[in-house]
>>> print(open('target17.txt').read())   # compact mmCIF, C-alpha atoms
# COMPACT_ATOMS: atom_id res chain seq x y z
CA MET W 1 0.00 0.00 0.00
CA THR W 2 1.28 3.47 -0.89
CA SER W 3 2.08 5.57 2.18
CA PRO W 4 -0.14 8.67 2.57
CA LEU W 5 3.03 10.66 3.29
CA ARG W 6 4.69 9.69 0.00
CA PRO W 7 3.42 12.80 -1.90
CA ILE W 8 4.93 14.99 0.83
CA ALA W 9 8.34 13.35 0.43
CA GLN W 10 8.12 13.58 -3.36
CA CYS W 11 7.35 17.29 -3.26
CA ALA W 12 10.17 17.96 -0.83
CA ALA W 13 12.56 16.31 -3.26
CA LEU W 14 11.12 18.31 -6.17
CA ALA W 15 11.59 21.62 -4.37
CA ALA W 16 15.16 20.71 -3.43
CA PHE W 17 15.88 20.03 -7.10
CA LEU W 18 14.35 23.33 -8.19
CA ALA W 19 16.30 25.21 -5.57
CA SER W 20 19.56 23.76 -6.83
CA GLY W 21 19.21 25.81 -10.04
CA ALA W 22 21.05 29.05 -10.62
CA ALA W 23 18.04 31.37 -10.20
CA HIS W 24 16.37 31.18 -6.84
CA ALA W 25 15.57 33.48 -3.93
CA ASP W 26 18.32 33.69 -1.33
CA THR W 27 17.02 36.50 0.84
CA GLY W 28 13.46 35.50 1.63
CA LYS W 29 10.61 36.83 3.74
CA LEU W 30 9.72 36.73 7.39
CA VAL W 31 8.90 33.18 8.43
CA LEU W 32 5.25 32.16 7.80
CA THR W 33 4.26 35.57 6.34
CA GLY W 34 4.02 33.97 2.88
CA GLY W 35 1.39 31.55 4.13
CA VAL W 36 1.48 27.85 3.37
CA SER W 37 0.22 25.94 0.32
CA SER W 38 -3.54 25.50 0.18
CA ILE W 39 -5.10 22.31 -1.20
CA THR W 40 -5.32 23.95 -4.63
CA GLY W 41 -1.64 24.96 -4.63
CA SER W 42 -1.89 28.72 -4.10
CA ALA W 43 -0.33 30.36 -1.05
CA GLY W 44 -2.68 30.90 1.87
CA GLY W 45 -4.19 28.73 4.56
CA GLY W 46 -5.19 25.12 4.11
CA ILE W 47 -8.59 25.63 2.47
CA THR W 48 -8.51 29.21 1.19
CA PRO W 49 -5.98 31.39 -0.70
CA TRP W 50 -4.54 34.58 0.73
CA ALA W 51 -3.31 37.70 -1.07
CA VAL W 52 0.31 36.83 -0.26
CA ILE W 53 2.59 35.46 -2.96
CA GLY W 54 4.12 32.10 -2.08
CA THR W 55 7.82 31.12 -2.09
CA GLN W 56 10.64 33.09 -0.45
CA ALA W 57 11.10 35.44 -3.42
CA THR W 58 11.19 39.18 -2.77
CA GLU W 59 11.57 42.06 -5.22
CA GLY W 60 13.89 41.19 -8.12
CA GLU W 61 13.89 37.46 -7.36
CA TRP W 62 12.37 34.20 -8.54
CA GLY W 63 11.21 31.66 -5.98
CA PHE W 64 10.05 28.03 -5.91
CA SER W 65 7.94 25.98 -3.54
CA ALA W 66 6.43 22.52 -3.40
CA TYR W 67 4.03 20.83 -1.03
CA GLY W 68 2.25 17.59 -0.17
CA THR W 69 -1.01 17.27 1.75
CA ARG W 70 -3.08 14.44 3.18
CA ALA W 71 -6.55 14.89 4.64
CA GLY W 72 -8.85 12.23 6.01
CA THR W 73 -12.39 12.15 7.37
CA GLN W 74 -14.78 9.39 8.45
CA ASP W 75 -15.60 8.34 4.88
CA TYR W 76 -13.23 10.16 2.52
CA ALA W 77 -9.56 10.92 1.99
CA LEU W 78 -7.73 13.47 -0.15
CA SER W 79 -4.10 13.56 -1.26
CA SER W 80 -2.82 16.73 -2.89
CA TYR W 81 0.61 17.80 -4.07
CA GLY W 82 2.06 20.46 -6.31
CA ALA W 83 4.54 23.25 -6.90
CA ALA W 84 4.54 27.01 -7.40
CA ILE W 85 6.77 29.68 -8.92
CA GLY W 86 6.88 33.21 -7.53
CA TRP W 87 8.23 36.25 -9.36
CA GLN W 88 9.27 39.47 -7.58
CA ASP W 89 6.70 38.88 -4.81
CA ARG W 90 4.06 39.97 -7.33
CA VAL W 91 3.07 36.98 -9.49
CA GLU W 92 2.46 33.38 -8.45
CA LEU W 93 1.92 30.46 -10.83
CA SER W 94 0.92 27.16 -9.22
CA LEU W 95 0.04 23.65 -10.30
CA ALA W 96 -1.63 21.08 -8.04
CA ARG W 97 -2.95 17.56 -8.43
CA GLN W 98 -5.63 16.13 -6.15
CA ASP W 99 -6.57 12.49 -5.64
CA PHE W 100 -9.90 12.05 -3.84
CA ASP W 101 -10.86 8.65 -2.46
CA ALA W 102 -14.57 8.49 -3.30
CA ALA W 103 -15.13 4.84 -2.34
CA PRO W 104 -18.54 5.54 -0.65
CA ALA W 105 -19.89 6.58 -4.08
CA PHE W 106 -20.22 2.87 -4.91
CA ALA W 107 -23.52 3.05 -2.99
CA LEU W 108 -24.93 5.20 -5.81
CA ASN W 109 -25.37 2.01 -7.81
CA GLY W 110 -28.20 1.19 -5.43
CA ILE W 111 -30.06 4.31 -6.59
CA ALA W 112 -29.54 3.84 -10.33
CA PRO W 113 -27.32 1.65 -12.55
CA PHE W 114 -24.49 4.19 -12.73
CA GLY W 115 -21.74 1.59 -13.00
CA VAL W 116 -19.55 3.16 -10.31
CA ALA W 117 -16.48 0.99 -9.74
CA PRO W 118 -15.53 -0.14 -6.22
CA GLY W 119 -12.86 2.05 -4.64
CA GLN W 120 -13.26 4.79 -7.23
CA HIS W 121 -10.94 7.82 -7.02
CA ILE W 122 -11.60 11.26 -8.50
CA LYS W 123 -8.54 13.13 -9.75
CA MET W 124 -8.34 16.85 -10.40
CA ASP W 125 -5.62 19.14 -11.74
CA VAL W 126 -5.60 22.80 -10.70
CA LEU W 127 -3.68 25.52 -12.55
CA GLY W 128 -3.51 28.69 -10.48
CA LEU W 129 -2.44 32.26 -11.22
CA LYS W 130 -2.31 35.06 -8.66
CA VAL W 131 -1.26 38.68 -9.19
CA LYS W 132 -0.71 41.23 -6.43
CA LEU W 133 -2.66 44.40 -7.19
CA LEU W 134 -1.67 46.69 -4.33
CA GLY W 135 -0.25 46.89 -0.83
CA ASP W 136 2.49 44.92 0.87
CA ALA W 137 1.78 42.69 3.87
CA ILE W 138 5.14 43.53 5.50
CA LEU W 139 5.94 47.07 4.38
CA ASP W 140 2.37 48.28 5.03
CA ALA W 141 2.02 46.47 8.36
CA ASP W 142 1.81 49.79 10.21
CA THR W 143 -0.94 51.22 7.95
CA TRP W 144 -4.56 50.25 7.30
CA VAL W 145 -3.77 49.22 3.71
CA PRO W 146 -4.03 45.43 3.12
CA GLN W 147 -2.24 43.47 0.45
CA VAL W 148 -4.74 42.73 -2.32
CA ALA W 149 -4.43 40.08 -5.04
CA LEU W 150 -6.54 38.80 -7.90
CA GLY W 151 -6.41 35.10 -8.69
CA LEU W 152 -7.87 32.32 -10.75
CA GLU W 153 -7.93 28.55 -10.44
CA HIS W 154 -8.65 26.50 -13.55
CA LYS W 155 -9.70 22.97 -12.64
CA GLN W 156 -9.95 19.82 -14.73
CA VAL W 157 -11.67 16.77 -13.20
CA ARG W 158 -11.12 13.13 -14.18
CA PRO W 159 -14.02 11.29 -12.49
CA GLY W 160 -13.40 7.81 -13.87
CA SER W 161 -16.48 5.59 -13.54
CA LEU W 162 -18.27 8.47 -11.79
CA GLN W 163 -18.62 10.19 -15.18
CA SER W 164 -22.13 8.73 -15.50
CA VAL W 165 -23.08 10.34 -12.19
CA LEU W 166 -21.78 13.73 -13.32
CA ASP W 167 -23.73 13.31 -16.57
CA PHE W 168 -26.89 12.66 -14.55
CA LEU W 169 -26.23 15.78 -12.47
CA GLY W 170 -25.52 17.87 -15.58
CA THR W 171 -22.16 19.05 -14.24
CA LYS W 172 -19.13 19.97 -16.35
CA THR W 173 -15.72 18.42 -15.78
CA SER W 174 -13.80 21.68 -16.06
CA GLY W 175 -14.30 25.14 -14.68
CA THR W 176 -12.51 28.28 -13.51
CA ASP W 177 -12.84 30.05 -10.16
CA LEU W 178 -11.98 33.73 -9.87
CA TYR W 179 -11.16 35.25 -6.50
CA LEU W 180 -10.09 38.51 -4.87
CA SER W 181 -8.14 38.30 -1.61
CA ALA W 182 -7.17 40.95 0.92
CA THR W 183 -4.60 40.12 3.60
CA LYS W 184 -3.76 42.38 6.53
CA LEU W 185 -0.75 41.66 8.73
CA LEU W 186 -0.72 43.42 12.11
CA LEU W 187 2.84 42.81 13.24
CA ASP W 188 2.49 44.67 16.53
CA LYS W 189 -0.41 42.36 17.44
CA SER W 190 1.11 39.21 15.88
CA LEU W 191 -2.10 38.82 13.88
CA LEU W 192 -2.93 38.07 10.26
CA LEU W 193 -6.41 38.57 8.82
CA ASN W 194 -7.60 37.50 5.38
CA THR W 195 -10.80 37.82 3.39
CA THR W 196 -11.33 36.14 0.03
CA LEU W 197 -14.32 36.54 -2.25
CA ARG W 198 -14.64 33.65 -4.72
CA TYR W 199 -16.74 33.64 -7.92
CA THR W 200 -17.51 29.99 -8.57
CA ASN W 201 -19.95 27.28 -9.58
CA ALA W 202 -17.76 24.41 -8.36
CA ASN W 203 -19.32 21.51 -6.47
CA GLN W 204 -17.14 20.35 -3.56
CA ASN W 205 -14.31 22.55 -4.85
CA GLY W 206 -14.76 20.99 -8.31
CA LEU W 207 -14.42 17.31 -7.39
CA LEU W 208 -18.12 16.83 -8.25
CA GLY W 209 -17.90 19.00 -11.34
CA PHE W 210 -19.19 22.48 -12.03
CA GLY W 211 -22.75 23.76 -12.15
CA SER W 212 -25.88 21.63 -12.29
CA ALA W 213 -28.74 20.60 -14.51
CA ALA W 214 -32.06 22.32 -13.84
CA PRO W 215 -33.58 22.89 -11.36
CA GLY W 216 -30.19 23.05 -9.66
CA LYS W 217 -28.01 26.16 -9.74
CA ASN W 218 -25.75 26.32 -12.80
CA SER W 219 -24.54 29.93 -12.66
CA ARG W 220 -21.61 31.20 -10.62
CA SER W 221 -22.12 32.88 -7.28
CA LEU W 222 -19.96 34.92 -4.89
CA GLN W 223 -18.77 32.95 -1.87
CA PRO W 224 -16.75 34.57 0.97
CA GLU W 225 -13.86 32.91 2.77
CA PHE W 226 -12.18 34.06 5.99
CA SER W 227 -8.89 33.29 7.75
CA ILE W 228 -7.27 34.44 10.97
CA ALA W 229 -3.81 33.48 12.24
CA TYR W 230 -2.03 34.40 15.47
CA LEU W 231 1.74 34.14 15.82
CA LEU W 232 2.58 32.49 19.13
CA ARG W 233 6.23 33.08 18.26
CA HIS W 234 8.06 33.97 15.06
CA ASN W 235 7.87 30.42 13.66
CA LEU W 236 4.64 29.09 15.20
CA ALA W 237 1.10 30.17 14.36
CA VAL W 238 -2.41 29.01 15.21
CA GLY W 239 -5.53 30.00 13.36
CA ALA W 240 -8.90 29.21 11.87
CA GLU W 241 -10.57 29.35 8.48
CA TYR W 242 -14.18 29.39 7.29
CA ARG W 243 -15.15 28.88 3.67
CA PHE W 244 -18.70 29.37 2.44
CA LYS W 245 -19.72 26.96 -0.33
CA PRO W 246 -22.33 27.06 -3.09
CA ASN W 247 -25.07 24.45 -2.71
CA ASN W 248 -25.77 23.90 -6.40
CA LEU W 249 -27.00 20.30 -6.42
CA GLN W 250 -29.46 19.99 -3.52
CA VAL W 251 -32.50 21.33 -5.41
CA LEU W 252 -31.79 18.93 -8.28
CA GLY W 253 -31.52 16.05 -5.83
CA ALA W 254 -34.77 17.00 -4.12
CA ALA W 255 -36.56 17.15 -7.49
CA ALA W 256 -35.27 13.62 -8.22
CA GLY W 257 -36.73 12.36 -4.94
CA LEU W 258 -33.38 12.28 -3.09
CA GLY W 259 -34.22 14.90 -0.46
CA THR W 260 -31.00 16.46 0.89
CA ALA W 261 -28.80 13.62 -0.43
CA LEU W 262 -26.71 16.05 -2.54
CA ARG W 263 -26.41 18.86 0.00
CA GLU W 264 -23.11 20.77 0.20
CA ASP W 265 -22.02 22.42 3.46
CA ASP W 266 -19.46 25.08 4.31
CA TRP W 267 -15.88 24.10 5.21
CA LYS W 268 -13.98 25.14 8.33
CA ASP W 269 -10.73 24.29 10.09
CA LEU W 270 -8.52 25.00 13.10
CA PHE W 271 -4.81 24.82 12.34
CA ILE W 272 -1.32 25.08 13.75
CA ALA W 273 1.60 25.90 11.45
CA TRP W 274 5.25 25.47 12.43
CA ALA W 275 8.34 26.49 10.49
CA PRO W 276 11.36 24.55 11.84
CA SER W 277 13.48 26.50 9.36
CA LYS W 278 13.09 29.39 6.92
CA ASN W 279 12.46 26.99 4.04
CA VAL W 280 10.23 24.36 5.65
CA SER W 281 6.75 24.59 7.14
CA LEU W 282 4.43 21.95 8.57
CA THR W 283 0.70 22.39 9.06
CA LEU W 284 -1.66 20.25 11.12
CA ALA W 285 -5.38 20.99 11.23
CA TRP W 286 -8.74 19.70 12.38
CA VAL W 287 -11.19 20.06 9.51
CA ASP W 288 -14.97 20.03 9.29
CA LEU W 289 -16.10 19.60 5.68
CA GLY W 290 -19.76 19.21 6.55
CA ARG W 291 -21.85 16.65 4.71
CA ILE W 292 -20.36 15.43 1.42
CA VAL W 293 -23.02 13.58 -0.59
CA PRO W 294 -24.83 12.70 2.65
CA GLY W 295 -27.12 10.32 0.80
CA VAL W 296 -24.33 7.72 0.66
CA THR W 297 -22.71 8.43 4.04
CA ARG W 298 -25.79 8.25 6.28
CA ASP W 299 -25.89 12.03 6.67
CA LYS W 300 -22.62 12.09 8.63
CA ARG W 301 -20.53 15.24 8.94
CA GLN W 302 -17.05 14.72 7.54
CA THR W 303 -14.58 15.81 10.22
CA GLY W 304 -10.98 14.73 10.52
CA TYR W 305 -7.34 15.72 10.07
CA TYR W 306 -5.31 17.74 7.59
CA LEU W 307 -1.52 17.40 7.37
CA SER W 308 0.65 19.36 4.99
CA ALA W 309 4.36 19.95 4.43
CA GLN W 310 5.88 22.70 2.29
CA VAL W 311 9.38 23.61 1.23
CA ALA W 312 10.01 27.06 -0.23
CA PHE W 313 13.02 28.89 -1.63
>>> encode(input="target17.txt", output="structure tokens")
Amino acid sequence: MTSPLRPIAQCAALAAFLASGAAHADTGKLVLTGGVSSITGSAGGGITPWAVIGTQATEGEWGFSAYGTRAGTQDYALSSYGAAIGWQDRVELSLARQDFDAAPAFALNGIAPFGVAPGQHIKMDVLGLKVKLLGDAILDADTWVPQVALGLEHKQVRPGSLQSVLDFLGTKTSGTDLYLSATKLLLDKSLLLNTTLRYTNANQNGLLGFGSAAPGKNSRSLQPEFSIAYLLRHNLAVGAEYRFKPNNLQVLGAAAGLGTALREDDWKDLFIAWAPSKNVSLTLAWVDLGRIVPGVTRDKRQTGYYLSAQVAF
């Protein structure tokens, strides 16, 4: 059996290789002020992007980072890994791959002959781009001005034998989220605040496709996301995140006689992030992902752990 920590080790090796090149950042930022890698690869918290640009690159520099993440709940598991490039602390380009263990979806065959294979996994690639528009989290720490960034995440889903289910739901297998993030660092209070506004029609972050057949919601909507982090010391932070989610599929499910079987809930987490060195950070979190296709998981809330490792240069 493949170890759940294998993606983390692979990404650490990748980042070390990238850093061995001639062009990389050798000055860097204050520890943890560049955030960590979110599950979609962009710099931020675990489940939401921030306005900060990842890697250790500052003005005039290129930077590289890589990460591996494993999350597990009562019924599901997610592995995610990827890498990012930062340029002059202004532009971030990221690429992430997610592998979602959707084994409970086999129960959908009891509703209709979907042909879902036992132990089915859903895979998704995420290409991210983030551009800083104004402000500087460090240099403007003593003013009211936040750092603001505009970003996009283009997602491509490979659902395997769950394609028939997505066809029934009328969801697309690719889509693009747009978001605007504002991050405010209050150094004198050891506090970081972030607000993100996401324009999306993704179901479960895209793992269940994008949009819905009528009478579900197919159009995009604005969904807010919030993060707060407190620095216990220069290399140790605790915090929390809350991410509102669109609930595109529930009305469709109700019309098909499934009640709330397709309901989508908001996500939240409590995390601790530790940087044992300037280039390495480790994040451990308790996550509450609400009900994910509660019709096949006996309406259980999906709570569990989130573990991530990042190396940045």
>>> atom_distance(input="target17.txt", atom1="CA of Val280 in chain W", atom2="CA of Met124 in chain W")
25.7 Å
>>> closest_residue(input="target17.txt", among="W:Gly175, W:Pro224, W:Gly86, W:Gly290", to="Asp266 in chain W", atoms="all atoms listed in the file")
W:Gly290
>>> residues_around(input="target17.txt", residues="Thr283 in chain W", least_positions_apart="3", cutoff="6 Å", atoms="only C-alpha atoms", output="PyMOL selection string")
chain W and resi 272-273+307-308
>>> write_last_selection(input="target17.txt", atoms="C-alpha atoms", output="short mmCIF file (atom, residue, chain, number, x, y, z; two decimals), keeping the file's coordinate frame")
data_model
loop_
_atom_site.label_atom_id
_atom_site.label_comp_id
_atom_site.auth_asym_id
_atom_site.auth_seq_id
_atom_site.Cartn_x
_atom_site.Cartn_y
_atom_site.Cartn_z
CA ILE W 272 -1.32 25.08 13.75
CA ALA W 273 1.60 25.90 11.45
CA LEU W 307 -1.52 17.40 7.37
CA SER W 308 0.65 19.36 4.99
#
>>> closest_residue(input="target17.txt", among="W:Val157, W:Ala202, W:Ala71, W:Ala229", to="Leu284 in chain W", atoms="all atoms listed in the file")
W:Ala71
>>> closest_residue(input="target17.txt", among="W:Asn109, W:Gln88, W:Thr55, W:Asn218", to="Val165 in chain W", atoms="all atoms listed in the file")
W:Asn109
>>> atom_distance(input="target17.txt", atom1="CA of Asp299 in chain W", atom2="CA of Arg97 in chain W")
28.0 Å
>>> residues_around(input="target17.txt", residues="Ser212 in chain W", least_positions_apart="5", cutoff="6 Å", atoms="all atoms listed in the file", output="ChimeraX atom specification")
/W:169-171,217-218
>>> residues_near_point(input="target17.txt", point="(-12.1, 13.7, -12.4)", cutoff="10 Å", atoms="all atoms listed in the file", output="number ranges by chain")
W: 98-100, 121-125, 155-163, 166, 173-174, 206-209
>>> residues_around(input="target17.txt", residues="range 139-146 of chain W", least_positions_apart="6", cutoff="12 Å", atoms="all atoms listed in the file", output="count of residues only")
24
>>> atom_distance(input="target17.txt", atom1="CA of Val293 in chain W", atom2="CA of Ala309 in chain W")
28.6 Å
>>> residues_around(input="target17.txt", residues="Gly82 in chain W", least_positions_apart="4", cutoff="6 Å", atoms="all atoms listed in the file", output="short mmCIF file (atom, residue, chain, number, x, y, z; two decimals) with C-alpha atoms, in the frame of the given file")
data_model
loop_
_atom_site.label_atom_id
_atom_site.label_comp_id
_atom_site.auth_asym_id
_atom_site.auth_seq_id
_atom_site.Cartn_x
_atom_site.Cartn_y
_atom_site.Cartn_z
CA ALA W 66 6.43 22.52 -3.40
CA TYR W 67 4.03 20.83 -1.03
CA LEU W 95 0.04 23.65 -10.30
CA ALA W 96 -1.63 21.08 -8.04
#
>>> decode(input="target17.txt", residues="range 104-115 of chain W", atoms="all heavy atoms", output="tab-separated table (two decimals), in the first residue's frame")
chain	number	residue	atom	x	y	z
W	104	PRO	N	-17.12	5.64	-1.02
W	104	PRO	CA	-18.54	5.54	-0.65
W	104	PRO	C	-19.50	5.73	-1.83
W	104	PRO	O	-20.65	5.31	-1.75
W	104	PRO	CB	-18.71	6.66	0.38
W	104	PRO	CG	-17.36	6.83	0.98
W	104	PRO	CD	-16.42	6.62	-0.16
W	105	ALA	N	-19.02	6.34	-2.92
W	105	ALA	CA	-19.89	6.58	-4.08
W	105	ALA	C	-20.37	5.29	-4.72
W	105	ALA	O	-21.33	5.30	-5.51
W	105	ALA	CB	-19.16	7.43	-5.12
W	106	PHE	N	-19.76	4.15	-4.39
W	106	PHE	CA	-20.22	2.87	-4.91
W	106	PHE	C	-21.69	2.63	-4.56
W	106	PHE	O	-22.42	1.95	-5.30
W	106	PHE	CB	-19.34	1.74	-4.37
W	106	PHE	CG	-19.68	0.38	-4.92
W	106	PHE	CD1	-19.40	0.07	-6.24
W	106	PHE	CD2	-20.28	-0.58	-4.12
W	106	PHE	CE1	-19.71	-1.19	-6.76
W	106	PHE	CE2	-20.59	-1.83	-4.62
W	106	PHE	CZ	-20.30	-2.14	-5.95
W	107	ALA	N	-22.13	3.21	-3.43
W	107	ALA	CA	-23.52	3.05	-2.99
W	107	ALA	C	-24.51	3.68	-3.96
W	107	ALA	O	-25.71	3.37	-3.93
W	107	ALA	CB	-23.71	3.63	-1.59
W	108	LEU	N	-24.03	4.58	-4.84
W	108	LEU	CA	-24.93	5.20	-5.81
W	108	LEU	C	-25.51	4.18	-6.78
W	108	LEU	O	-26.56	4.42	-7.39
W	108	LEU	CB	-24.18	6.29	-6.58
W	108	LEU	CG	-23.79	7.54	-5.78
W	108	LEU	CD1	-22.84	8.41	-6.60
W	108	LEU	CD2	-25.03	8.33	-5.37
W	109	ASN	N	-24.84	3.06	-6.93
W	109	ASN	CA	-25.37	2.01	-7.81
W	109	ASN	C	-26.68	1.44	-7.29
W	109	ASN	O	-27.43	0.83	-8.05
W	109	ASN	CB	-24.35	0.89	-7.97
W	109	ASN	CG	-23.11	1.33	-8.73
W	109	ASN	OD1	-23.16	2.25	-9.54
W	109	ASN	ND2	-21.97	0.69	-8.47
W	110	GLY	N	-26.93	1.64	-5.99
W	110	GLY	CA	-28.20	1.19	-5.43
W	110	GLY	C	-29.35	2.12	-5.75
W	110	GLY	O	-30.52	1.75	-5.57
W	111	ILE	N	-29.03	3.34	-6.21
W	111	ILE	CA	-30.06	4.31	-6.59
W	111	ILE	C	-30.40	4.17	-8.07
W	111	ILE	O	-31.56	4.21	-8.46
W	111	ILE	CB	-29.59	5.74	-6.28
W	111	ILE	CG1	-29.31	5.90	-4.78
W	111	ILE	CG2	-30.61	6.77	-6.74
W	111	ILE	CD1	-28.70	7.23	-4.40
W	112	ALA	N	-29.37	4.00	-8.88
W	112	ALA	CA	-29.54	3.84	-10.33
W	112	ALA	C	-28.33	3.07	-10.85
W	112	ALA	O	-27.27	3.03	-10.21
W	112	ALA	CB	-29.65	5.21	-11.02
W	113	PRO	N	-28.44	2.43	-12.02
W	113	PRO	CA	-27.32	1.65	-12.55
W	113	PRO	C	-26.22	2.54	-13.15
W	113	PRO	O	-26.01	2.60	-14.36
W	113	PRO	CB	-27.98	0.78	-13.62
W	113	PRO	CG	-29.16	1.59	-14.08
W	113	PRO	CD	-29.65	2.31	-12.86
W	114	PHE	N	-25.51	3.26	-12.27
W	114	PHE	CA	-24.49	4.19	-12.73
W	114	PHE	C	-23.20	3.49	-13.16
W	114	PHE	O	-22.39	4.05	-13.89
W	114	PHE	CB	-24.16	5.19	-11.63
W	114	PHE	CG	-25.24	6.21	-11.37
W	114	PHE	CD1	-25.87	6.28	-10.14
W	114	PHE	CD2	-25.62	7.11	-12.36
W	114	PHE	CE1	-26.85	7.23	-9.90
W	114	PHE	CE2	-26.60	8.05	-12.13
W	114	PHE	CZ	-27.23	8.12	-10.89
W	115	GLY	N	-22.97	2.30	-12.66
W	115	GLY	CA	-21.74	1.59	-13.00
W	115	GLY	C	-20.52	2.13	-12.30
W	115	GLY	O	-19.40	2.05	-12.83
